[in-house]
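Enquirer: Dropping a structure here in structure tokens format, bear with me for questions.
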Amino acid sequence: MAAGPIASKSGRRSQSGAAPSPLLQRGAILRALGRADATLTIEVADTVDSTNSELLRRHPATDVHRHLLVAETQTAGRGRRGRNWLAVAGGSLTFSLGWRFERTVAHLTGLSLAVGVAVAGALDHSGFGDIELKWPNDLVHQERKLGGILIELSREAIGTTAAIIGVGLNVHLPASVRNKLSVAVTDLTSVGATVAVDRNTLLARIASELATALERYSNQGFAPFVSEWQRRDALVNQPVQIVLPDGKTIRGVAAGVDGAGALLIEDGPRRLRFVNGEVSVRRVT
Ligand code: BTN
């Protein structure tokens, strides 16, 4: 979540102060993937409006199953609930992966949580520890937003659903940009101060672990991801406020998620259940 193109082709430090970063390159991503996942197709774009929008436009005329589109710059990146997603060229990772599930939309309520588990795991394996998940789709570190997930579903044939799975990660956000944002954010450079971030290698690892997780979800649903999600839950046992679609609010204590990925809230003797997409949740301080 940041603003403005900043990286030059030479990788020199820009006026906005971002660290130089090698450009995203298909060859480098494929080399890093190796044999790990030869079933993904990888496409690198310089600029698109939004990687999610681009794959949605292609679908269904073109088969986007297992197609990963990563963009150096998005001109109209989208977040959840109609928000913008702003990214820094050279200082972010913004990509979308198309996936077809032999399942109905009703079986995909836990999908964004499973994607969060996969991305957090890949970051962990790349040296970025203590990444937490905030229901339904935020990657956070020490209460600051590191990344987000936007999943858009469309029904295909009976019992089949196409998903466009978009992921945005802050890699290096200049202070000048962070200071302009209304939410507290962080980036990988801050999370793993001693870890050199190579976006091509990092993307390959995330893509590979994500593909494995999606195969698992296709076969077994959200159940195998529940315990790992609970382990990374940023809100568990904390007082929270739920904002309903009509603006009304409910207060309670976050009590994890159920086997379908619904958020559980305890309000005295009441136990309430909220499904992804209906509501937003924030910690009450
Ligand atoms: C959120 O936290 O609100 C979700 C943010 C998702 C951003 C990613 S960046 C790649 C893909 N393309 C988009 O336009 N959005 C997603």
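FYI, nothing fancy with the structure tokens labels: chains A, B, ... in order, residues from 1 per chain, ligands from 1 as they appear.
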For range 247-249 of chain A, please output as a PyMOL selection string all residues within 12 Å (counting only C-alpha atoms; exclusion window: fewer than 2 positions along the same chain).
Expert: chain A and resi 240-245+251-252+278-282+284
Enquirer: With C-alpha atoms retained, export the selected residues as a JSON list (two decimals), in the first residue's frame.
Expert:
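Heads up, here's the output in part-v8.json:
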[["chain", "number", "residue", "atom", "x", "y", "z"],
["A", 240, "VAL", "CA", -12.76, -6.53, 18.34],
["A", 241, "GLN", "CA", -15.44, -4.56, 16.56],
["A", 242, "ILE", "CA", -17.29, -5.99, 13.58],
["A", 243, "VAL", "CA", -18.67, -3.55, 11.02],
["A", 244, "LEU", "CA", -21.69, -4.97, 9.17],
["A", 245, "PRO", "CA", -22.55, -4.11, 5.55],
["A", 251, "ARG", "CA", -18.36, -5.81, 19.75],
["A", 252, "GLY", "CA", -16.99, -9.05, 21.12],
["A", 278, "GLU", "CA", -19.81, -9.75, 4.63],
["A", 279, "VAL", "CA", -18.05, -7.69, 7.24],
["A", 280, "SER", "CA", -14.83, -6.02, 8.29],
["A", 281, "VAL", "CA", -13.17, -6.49, 11.67],
["A", 282, "ARG", "CA", -10.87, -4.26, 13.67],
["A", 284, "VAL", "CA", -10.60, -2.35, 19.76]]
Enquirer: Hey, which residues sit close to ligand 1? Say within 8 Å, counting only C-alpha atoms and all ligand atoms, and write them as number ranges by chain.
Expert: A: 49-53, 70, 74, 76-81, 83-85, 87, 93-96, 137-138, 147-151, 165-169
Enquirer: Write the residues you've just listed into a file as a short mmCIF file (atom, residue, chain, number, x, y, z; two decimals), in the first residue's frame, and include N, CA, C and O atoms for each of them.
Expert:
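File written: out_27.cif
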data_model
loop_
_atom_site.label_atom_id
_atom_site.label_comp_id
_atom_site.auth_asym_id
_atom_site.auth_seq_id
_atom_site.Cartn_x
_atom_site.Cartn_y
_atom_site.Cartn_z
N ASP A 49 -3.43 -2.26 -15.44
CA ASP A 49 -4.27 -1.52 -14.49
C ASP A 49 -4.29 -2.29 -13.17
O ASP A 49 -4.03 -1.75 -12.10
N SER A 50 -4.60 -3.59 -13.26
CA SER A 50 -4.67 -4.46 -12.08
C SER A 50 -4.48 -5.88 -12.59
O SER A 50 -5.11 -6.26 -13.59
N THR A 51 -3.64 -6.64 -11.94
CA THR A 51 -3.42 -8.02 -12.42
C THR A 51 -4.71 -8.83 -12.29
O THR A 51 -5.01 -9.68 -13.12
N ASN A 52 -5.51 -8.56 -11.24
CA ASN A 52 -6.81 -9.25 -11.12
C ASN A 52 -7.71 -8.87 -12.30
O ASN A 52 -8.31 -9.74 -12.94
N SER A 53 -7.82 -7.57 -12.57
CA SER A 53 -8.71 -7.12 -13.66
C SER A 53 -8.27 -7.72 -14.99
O SER A 53 -9.10 -8.13 -15.80
N VAL A 70 2.33 -11.33 -13.01
CA VAL A 70 2.93 -10.40 -12.04
C VAL A 70 3.24 -9.10 -12.78
O VAL A 70 3.68 -9.13 -13.93
N GLN A 74 1.06 -1.40 -11.15
CA GLN A 74 -0.38 -1.40 -11.42
C GLN A 74 -0.86 0.05 -11.38
O GLN A 74 -0.52 0.79 -10.46
N ALA A 76 -4.19 0.82 -11.45
CA ALA A 76 -5.48 0.86 -10.76
C ALA A 76 -5.63 -0.40 -9.91
O ALA A 76 -6.61 -1.15 -10.05
N GLY A 77 -4.64 -0.64 -9.05
CA GLY A 77 -4.68 -1.82 -8.18
C GLY A 77 -5.89 -1.74 -7.25
O GLY A 77 -6.24 -0.67 -6.76
N ARG A 78 -6.51 -2.89 -7.03
CA ARG A 78 -7.74 -2.92 -6.24
C ARG A 78 -7.56 -3.73 -4.96
O ARG A 78 -6.89 -4.76 -4.96
N GLY A 79 -8.15 -3.22 -3.88
CA GLY A 79 -8.17 -3.96 -2.62
C GLY A 79 -9.58 -4.44 -2.33
O GLY A 79 -10.48 -4.29 -3.17
N ARG A 80 -9.78 -5.01 -1.16
CA ARG A 80 -11.12 -5.48 -0.77
C ARG A 80 -12.05 -4.31 -0.55
O ARG A 80 -11.62 -3.21 -0.27
N ARG A 81 -13.33 -4.58 -0.62
CA ARG A 81 -14.38 -3.63 -0.30
C ARG A 81 -14.22 -2.31 -1.05
O ARG A 81 -14.38 -1.22 -0.49
N ARG A 83 -11.67 -0.72 -2.11
CA ARG A 83 -10.55 0.19 -1.83
C ARG A 83 -9.49 0.10 -2.94
O ARG A 83 -9.46 -0.86 -3.70
N ASN A 84 -8.61 1.10 -2.98
CA ASN A 84 -7.47 1.06 -3.91
C ASN A 84 -6.34 0.27 -3.27
O ASN A 84 -6.22 0.23 -2.05
N TRP A 85 -5.51 -0.32 -4.13
CA TRP A 85 -4.27 -0.92 -3.62
C TRP A 85 -3.12 -0.22 -4.35
O TRP A 85 -2.98 -0.33 -5.56
N ALA A 87 0.89 0.53 -4.99
CA ALA A 87 2.16 -0.20 -4.89
C ALA A 87 3.28 0.63 -5.48
O ALA A 87 3.06 1.49 -6.33
N LEU A 93 5.39 -6.47 -4.51
CA LEU A 93 5.07 -7.62 -5.36
C LEU A 93 3.57 -7.60 -5.56
O LEU A 93 2.81 -7.60 -4.58
N THR A 94 3.12 -7.51 -6.79
CA THR A 94 1.68 -7.52 -7.09
C THR A 94 1.44 -8.55 -8.17
O THR A 94 1.96 -8.43 -9.29
N PHE A 95 0.67 -9.59 -7.83
CA PHE A 95 0.45 -10.65 -8.81
C PHE A 95 -0.90 -11.31 -8.60
O PHE A 95 -1.52 -11.21 -7.53
N SER A 96 -1.36 -12.00 -9.65
CA SER A 96 -2.61 -12.76 -9.57
C SER A 96 -2.39 -14.13 -10.21
O SER A 96 -1.66 -14.25 -11.19
N ASN A 137 -8.10 -11.57 5.31
CA ASN A 137 -7.11 -11.68 4.24
C ASN A 137 -5.88 -10.80 4.38
O ASN A 137 -5.20 -10.54 3.40
N ASP A 138 -5.60 -10.30 5.59
CA ASP A 138 -4.42 -9.43 5.72
C ASP A 138 -3.23 -10.21 6.24
O ASP A 138 -3.36 -11.04 7.15
N GLY A 147 0.69 -7.05 3.74
CA GLY A 147 0.14 -7.44 2.43
C GLY A 147 -1.33 -7.79 2.54
O GLY A 147 -1.90 -7.81 3.63
N GLY A 148 -1.92 -8.01 1.37
CA GLY A 148 -3.35 -8.35 1.34
C GLY A 148 -3.67 -9.28 0.19
O GLY A 148 -2.86 -9.46 -0.74
N ILE A 149 -4.85 -9.86 0.28
CA ILE A 149 -5.29 -10.87 -0.70
C ILE A 149 -6.67 -10.47 -1.21
O ILE A 149 -7.55 -10.12 -0.40
N LEU A 150 -6.86 -10.49 -2.51
CA LEU A 150 -8.17 -10.19 -3.10
C LEU A 150 -8.53 -11.34 -4.03
O LEU A 150 -7.86 -11.57 -5.03
N ILE A 151 -9.60 -12.08 -3.66
CA ILE A 151 -10.02 -13.22 -4.48
C ILE A 151 -11.36 -12.91 -5.14
O ILE A 151 -12.30 -12.49 -4.46
N ILE A 165 -6.89 -15.09 -7.93
CA ILE A 165 -6.33 -14.91 -6.59
C ILE A 165 -5.23 -13.84 -6.67
O ILE A 165 -4.16 -14.07 -7.23
N GLY A 166 -5.53 -12.65 -6.14
CA GLY A 166 -4.57 -11.54 -6.21
C GLY A 166 -3.86 -11.35 -4.89
O GLY A 166 -4.49 -11.40 -3.82
N VAL A 167 -2.56 -11.13 -4.96
CA VAL A 167 -1.76 -10.92 -3.74
C VAL A 167 -0.91 -9.66 -3.92
O VAL A 167 -0.28 -9.47 -4.96
N GLY A 168 -0.94 -8.79 -2.93
CA GLY A 168 -0.07 -7.61 -2.92
C GLY A 168 0.79 -7.65 -1.67
O GLY A 168 0.28 -7.87 -0.56
N LEU A 169 2.10 -7.46 -1.84
CA LEU A 169 3.03 -7.48 -0.70
C LEU A 169 3.91 -6.23 -0.74
O LEU A 169 4.43 -5.87 -1.81
#
Enquirer: Name all residues at most 6 Å from Ala254 in chain A (count only C-alpha atoms; drop same-chain ones fewer than 3 positions away) and give them as an MDAnalysis selection string.
Expert: chainID A and resid 236:238 265
Enquirer: So which bits of range 11-116 of chain A end up strand (DSSP E) when you DSSP the backbone, as a list in words?
Expert: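 Reading the DSSP output for range 11-116 of chain A, strand (DSSP E) covers Thr41, Ile42, Glu43, Val44, Ala45, Asp46, Thr47, Val48, His67, Leu68, Leu69, Val70, Ala71, Glu72, Thr73, Gln74, Ser92, Leu93, Thr94, Phe95, Ser96, Leu97, Gly98, Trp99, Arg100 and Phe101 of chain A.
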Enquirer: Pick the closest to Leu263 in chain A from A:Glu209, A:Asp233, A:Glu54, A:Glu152: which is it, counting only C-alpha atoms?
Expert: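 The closest residue to Leu263 in chain A is A:Asp233.
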